[in-house]
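Notes follow once the structure below has been shown.
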Amino acid sequence: MEIALCHPAPDAFRYAPLLGCRLGYLDISWAIIQPEPDVFDFSYYDPIVAEAAQSGLTLTAMVSSQRGIRYFPDGHWIWENSRGMMPDPAAWSRFLAVVVERYRQVIRFWEVWSEPNCLDCNPMSYYDPLLYREFLALASRTIRGADPTAKVVLGGIWLNHLLQDYVEALLAGGEALQYFDILSWHFFLLAGHRKHLSFAVWKDPLSRLMDFFRKQLPQDYPIWITEFGLPTTADPADLLHTSTLGEILGLTEEEQADWFSQFAEIAEREWDIGVLVWLMLADTETSAEAEHFSSNLGLLRADRTEKPVAARIAQLQARQRARRTGKEIAQGP
């Protein structure tokens, strides 16, 4: 299993080689690149993609309408609002064709939107997976038309709010497989009490979900985890600190490292996960200041010193390098 680093770019891309990572993950905001219908502005993304290339990384890009954590509201020009916030098809195709052609040398994988089953991320498809499937089909044709060697990644299914009926309707008995090459899912450790935090509690439910996904897919179909997060806190109290939404602030740093190691072992050995994207390079706040789990998802602390999990990731990547080298030697010149 390969590890890819994500936010914030390009800092994460500069750090990735220190851990032995060969992959990066980049959010591509439609609204940043095309703020107006006839304006394409690459001044924000060109340096970031160049930094990834300089670091020797291959990128996966998740294309969306995000700008930071803000979404453009109903009424923005990119939406065809008569169709439940479905993007205008002609504009969507034009945008993708231009962007894929520009970055095809570095971005080899294209994830189409994020979490179609999440209301906050995708009101267009939360209630109707067929809208997302139509959106995905159009994106797939455009991406492959602009770069026949590119791979299309299904917008990560958010496991924290997964209804199996939703996935079954989205995949339509295998019909939708023609539109993507890799299935992906997202997972963040959320619990309100320490007894619900251990990996042992999560292993069987996650394994059942993986079995469910495998039943929907052909044998050996690639599955990635394109957003992953284990929040930390300095407080090991039984009842964890919560925000108003009831989301935890996290594990201790040692628990985070152990949780990841156990998860990575099962993800490789039993689930055959090809890539895991560690969402945040560094914490955005100290544990004392944090009020939401997303503040402490980093493999680095807010002062940029390494948490124990950074060494675990480096060890995993070193094993990957050894396996690749072994295969190259076995295959010969």
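Ligands are numbered from 1 in the order shown, chains are lettered A, B, ... in the order of the structure tokens, and residues start at 1 in each chain.
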message: Based on the backbone DSSP call, show me all residues of region 94-333 of chain A assigned strand (DSSP E), as a ChimeraX atom specification.
response: /A:107-112,151-154,157-158,183-188,223-229,273-280
- request: Considering only C-alpha atoms, return as a ChimeraX atom specification whatever protein or nucleic-acid residues lie within 6 Å of region 107-118 of chain A, sequence-local ones (same chain, fewer than 6 positions apart) excluded.
  value: /A:59-64,125-126,150-158
task: Extract, using only C-alpha atoms, all DNA, RNA and protein residues at most 8 Å from region 96-101 of chain A, discarding same-chain residues fewer than 5 positions from it, and format them as a list in words.
output: Ile107, Ala139, Thr142, Ile143, Gly145, Ala146 and Asp147 of chain A
For the residues selected in the previous step, produce a file with N, CA and C atoms as a PDB file, in the first residue's frame.
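Contents of the output file selection_34.pdb:
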```
ATOM      1  N   ILE A 107      -0.299  14.815 -13.281  1.00  0.00           N
ATOM      2  CA  ILE A 107      -1.529  14.254 -12.713  1.00  0.00           C
ATOM      3  C   ILE A 107      -1.953  13.070 -13.575  1.00  0.00           C
ATOM      4  N   ALA A 139     -17.673  13.149 -17.018  1.00  0.00           N
ATOM      5  CA  ALA A 139     -16.288  13.426 -16.655  1.00  0.00           C
ATOM      6  C   ALA A 139     -15.356  12.360 -17.211  1.00  0.00           C
ATOM      7  N   THR A 142     -14.678  12.789 -20.896  1.00  0.00           N
ATOM      8  CA  THR A 142     -13.846  13.966 -21.156  1.00  0.00           C
ATOM      9  C   THR A 142     -12.397  13.725 -20.749  1.00  0.00           C
ATOM     10  N   ILE A 143     -12.185  13.165 -19.567  1.00  0.00           N
ATOM     11  CA  ILE A 143     -10.826  12.917 -19.081  1.00  0.00           C
ATOM     12  C   ILE A 143     -10.092  11.959 -20.014  1.00  0.00           C
ATOM     13  N   GLY A 145     -10.780  11.319 -23.082  1.00  0.00           N
ATOM     14  CA  GLY A 145     -10.596  11.946 -24.377  1.00  0.00           C
ATOM     15  C   GLY A 145      -9.380  12.850 -24.403  1.00  0.00           C
ATOM     16  N   ALA A 146      -9.153  13.564 -23.284  1.00  0.00           N
ATOM     17  CA  ALA A 146      -8.011  14.473 -23.205  1.00  0.00           C
ATOM     18  C   ALA A 146      -6.704  13.734 -22.938  1.00  0.00           C
ATOM     19  N   ASP A 147      -6.789  12.596 -22.236  1.00  0.00           N
ATOM     20  CA  ASP A 147      -5.598  11.802 -21.925  1.00  0.00           C
ATOM     21  C   ASP A 147      -6.003  10.334 -21.839  1.00  0.00           C
TER      22      ASP A 147
END
```
task: Run DSSP on the backbone of this structure and report the residues of region 95-319 of chain A it assigns to helix (DSSP H, G or I), as a PyMOL selection string.
output: chain A and resi 95-103+123-126+129-146+159-161+164-179+194-196+199-216+253-269+293-296+308-319
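The spacing separating CA of Gly24 (chain A) from CA of Val277 (chain A) amounts to 7.9 Å.
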message: I want to know what sits within 6 Å of region 1-18 of chain A, based on only C-alpha atoms, with residues of the same chain fewer than 3 positions away left out; could you give that as an MDAnalysis selection string?
response: chainID A and resid 21 23:25 48 52 268 274:281
Can you write out the residues you just picked, keeping C-alpha atoms, as a PDB file, in the first residue's frame?
```
ATOM      1  CA  CYS A  21       6.293   8.717  -0.663  1.00  0.00           C
ATOM      2  CA  LEU A  23       2.413   9.949  -4.660  1.00  0.00           C
ATOM      3  CA  GLY A  24       0.599  13.172  -3.856  1.00  0.00           C
ATOM      4  CA  TYR A  25      -3.049  14.184  -3.751  1.00  0.00           C
ATOM      5  CA  ILE A  48       1.906  23.609  -6.949  1.00  0.00           C
ATOM      6  CA  ALA A  52       5.087  18.053  -7.112  1.00  0.00           C
ATOM      7  CA  GLU A 268      -2.568  -4.453   2.839  1.00  0.00           C
ATOM      8  CA  GLY A 274      -3.538   0.139  -3.259  1.00  0.00           C
ATOM      9  CA  VAL A 275      -3.193   3.734  -2.011  1.00  0.00           C
ATOM     10  CA  LEU A 276      -4.023   5.567   1.214  1.00  0.00           C
ATOM     11  CA  VAL A 277      -4.128   9.372   1.242  1.00  0.00           C
ATOM     12  CA  TRP A 278      -3.159  10.839   4.617  1.00  0.00           C
ATOM     13  CA  LEU A 279      -5.247  13.998   4.551  1.00  0.00           C
ATOM     14  CA  MET A 280      -3.316  16.511   6.650  1.00  0.00           C
ATOM     15  CA  LEU A 281       0.429  16.994   6.807  1.00  0.00           C
TER      16      LEU A 281
END
```
message: Env of Gly173 (chain A): 8 Å cut, atoms = only C-alpha atoms, seq-sep filter 4 positions within chain, self excluded. Answer as number ranges by chain.
response: A: 168-169, 216
Hey, can you spit out that residue selection with N, CA and C atoms as a PDB file, in the first residue's frame?
```
ATOM      1  N   GLU A 168     -25.226   0.500  -4.134  1.00  0.00           N
ATOM      2  CA  GLU A 168     -25.816  -0.417  -5.108  1.00  0.00           C
ATOM      3  C   GLU A 168     -26.508   0.353  -6.233  1.00  0.00           C
ATOM      4  N   ALA A 169     -27.222   1.425  -5.873  1.00  0.00           N
ATOM      5  CA  ALA A 169     -27.880   2.237  -6.904  1.00  0.00           C
ATOM      6  C   ALA A 169     -26.862   2.969  -7.760  1.00  0.00           C
ATOM      7  N   GLN A 216     -19.443  -5.960  -5.273  1.00  0.00           N
ATOM      8  CA  GLN A 216     -19.958  -5.090  -6.333  1.00  0.00           C
ATOM      9  C   GLN A 216     -18.974  -4.962  -7.498  1.00  0.00           C
TER      10      GLN A 216
END
```
field: Shell around Gly298 (chain A) at 10 Å using only C-alpha atoms, local window under 5 positions removed, as JSON, numbers by chain
entry: {"A": [7, 229, 230, 231, 232, 278, 279, 280, 281, 282, 283, 284, 285, 304, 306, 307, 309, 310]}
Applying 10 Å and only C-alpha atoms, which residues near Ala264 (chain A) remain after dropping the ones on its own chain fewer than 4 positions away? List them as a PDB file with N, CA and C atoms, in the first residue's frame.
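In the end it all went to result_27.pdb:
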```
ATOM      1  N   MET A   1       0.842  -1.191   0.000  1.00  0.00           N
ATOM      2  CA  MET A   1       0.000   0.000   0.000  1.00  0.00           C
ATOM      3  C   MET A   1       0.878   1.242   0.000  1.00  0.00           C
ATOM      4  N   ILE A   3       1.433   5.346   0.386  1.00  0.00           N
ATOM      5  CA  ILE A   3       0.883   6.488   1.108  1.00  0.00           C
ATOM      6  C   ILE A   3       1.078   7.744   0.265  1.00  0.00           C
ATOM      7  N   ASP A 258      -0.159   3.530  16.706  1.00  0.00           N
ATOM      8  CA  ASP A 258      -0.523   2.114  16.802  1.00  0.00           C
ATOM      9  C   ASP A 258      -1.753   1.805  15.956  1.00  0.00           C
ATOM     10  N   TRP A 259      -2.747   2.710  15.980  1.00  0.00           N
ATOM     11  CA  TRP A 259      -3.978   2.513  15.205  1.00  0.00           C
ATOM     12  C   TRP A 259      -3.630   2.424  13.718  1.00  0.00           C
ATOM     13  N   PHE A 260      -2.796   3.351  13.267  1.00  0.00           N
ATOM     14  CA  PHE A 260      -2.412   3.344  11.857  1.00  0.00           C
ATOM     15  C   PHE A 260      -1.686   2.056  11.485  1.00  0.00           C
ATOM     16  N   GLU A 268      -3.437  -3.806   3.822  1.00  0.00           N
ATOM     17  CA  GLU A 268      -2.568  -4.453   2.839  1.00  0.00           C
ATOM     18  C   GLU A 268      -2.881  -5.939   2.698  1.00  0.00           C
ATOM     19  N   ARG A 269      -2.930  -6.635   3.823  1.00  0.00           N
ATOM     20  CA  ARG A 269      -2.986  -8.096   3.796  1.00  0.00           C
ATOM     21  C   ARG A 269      -4.362  -8.636   3.435  1.00  0.00           C
ATOM     22  N   GLU A 270      -5.419  -7.992   3.949  1.00  0.00           N
ATOM     23  CA  GLU A 270      -6.755  -8.542   3.788  1.00  0.00           C
ATOM     24  C   GLU A 270      -7.626  -7.766   2.807  1.00  0.00           C
ATOM     25  N   TRP A 271      -7.444  -6.451   2.718  1.00  0.00           N
ATOM     26  CA  TRP A 271      -8.341  -5.636   1.898  1.00  0.00           C
ATOM     27  C   TRP A 271      -7.744  -5.271   0.550  1.00  0.00           C
ATOM     28  N   ILE A 273      -5.741  -2.801  -0.361  1.00  0.00           N
ATOM     29  CA  ILE A 273      -5.835  -1.372  -0.648  1.00  0.00           C
ATOM     30  C   ILE A 273      -4.558  -0.930  -1.350  1.00  0.00           C
ATOM     31  N   LEU A 276      -3.350   4.878   0.119  1.00  0.00           N
ATOM     32  CA  LEU A 276      -4.023   5.567   1.214  1.00  0.00           C
ATOM     33  C   LEU A 276      -3.535   7.006   1.236  1.00  0.00           C
ATOM     34  N   ARG A 312       6.113   5.545  11.395  1.00  0.00           N
ATOM     35  CA  ARG A 312       5.401   4.344  10.924  1.00  0.00           C
ATOM     36  C   ARG A 312       5.153   4.430   9.413  1.00  0.00           C
ATOM     37  N   ILE A 313       4.798   5.605   8.934  1.00  0.00           N
ATOM     38  CA  ILE A 313       4.576   5.779   7.501  1.00  0.00           C
ATOM     39  C   ILE A 313       5.880   5.575   6.738  1.00  0.00           C
ATOM     40  N   LEU A 316       6.576   1.906   6.494  1.00  0.00           N
ATOM     41  CA  LEU A 316       5.716   1.260   5.503  1.00  0.00           C
ATOM     42  C   LEU A 316       6.218   1.534   4.095  1.00  0.00           C
TER      43      LEU A 316
END
```
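Comparing the minimum interatomic distances between Leu251 (chain A) and each of A:Ser207, A:Thr226, A:Gln105, A:Asn296, counting only C-alpha atoms, we find that A:Asn296 sits nearest.
With only C-alpha atoms as the atoms that count, the residue of A:Ala302, A:Ala53, A:Leu189, A:Asp272 with the shortest distance to Thr286 (chain A) is A:Ala302.
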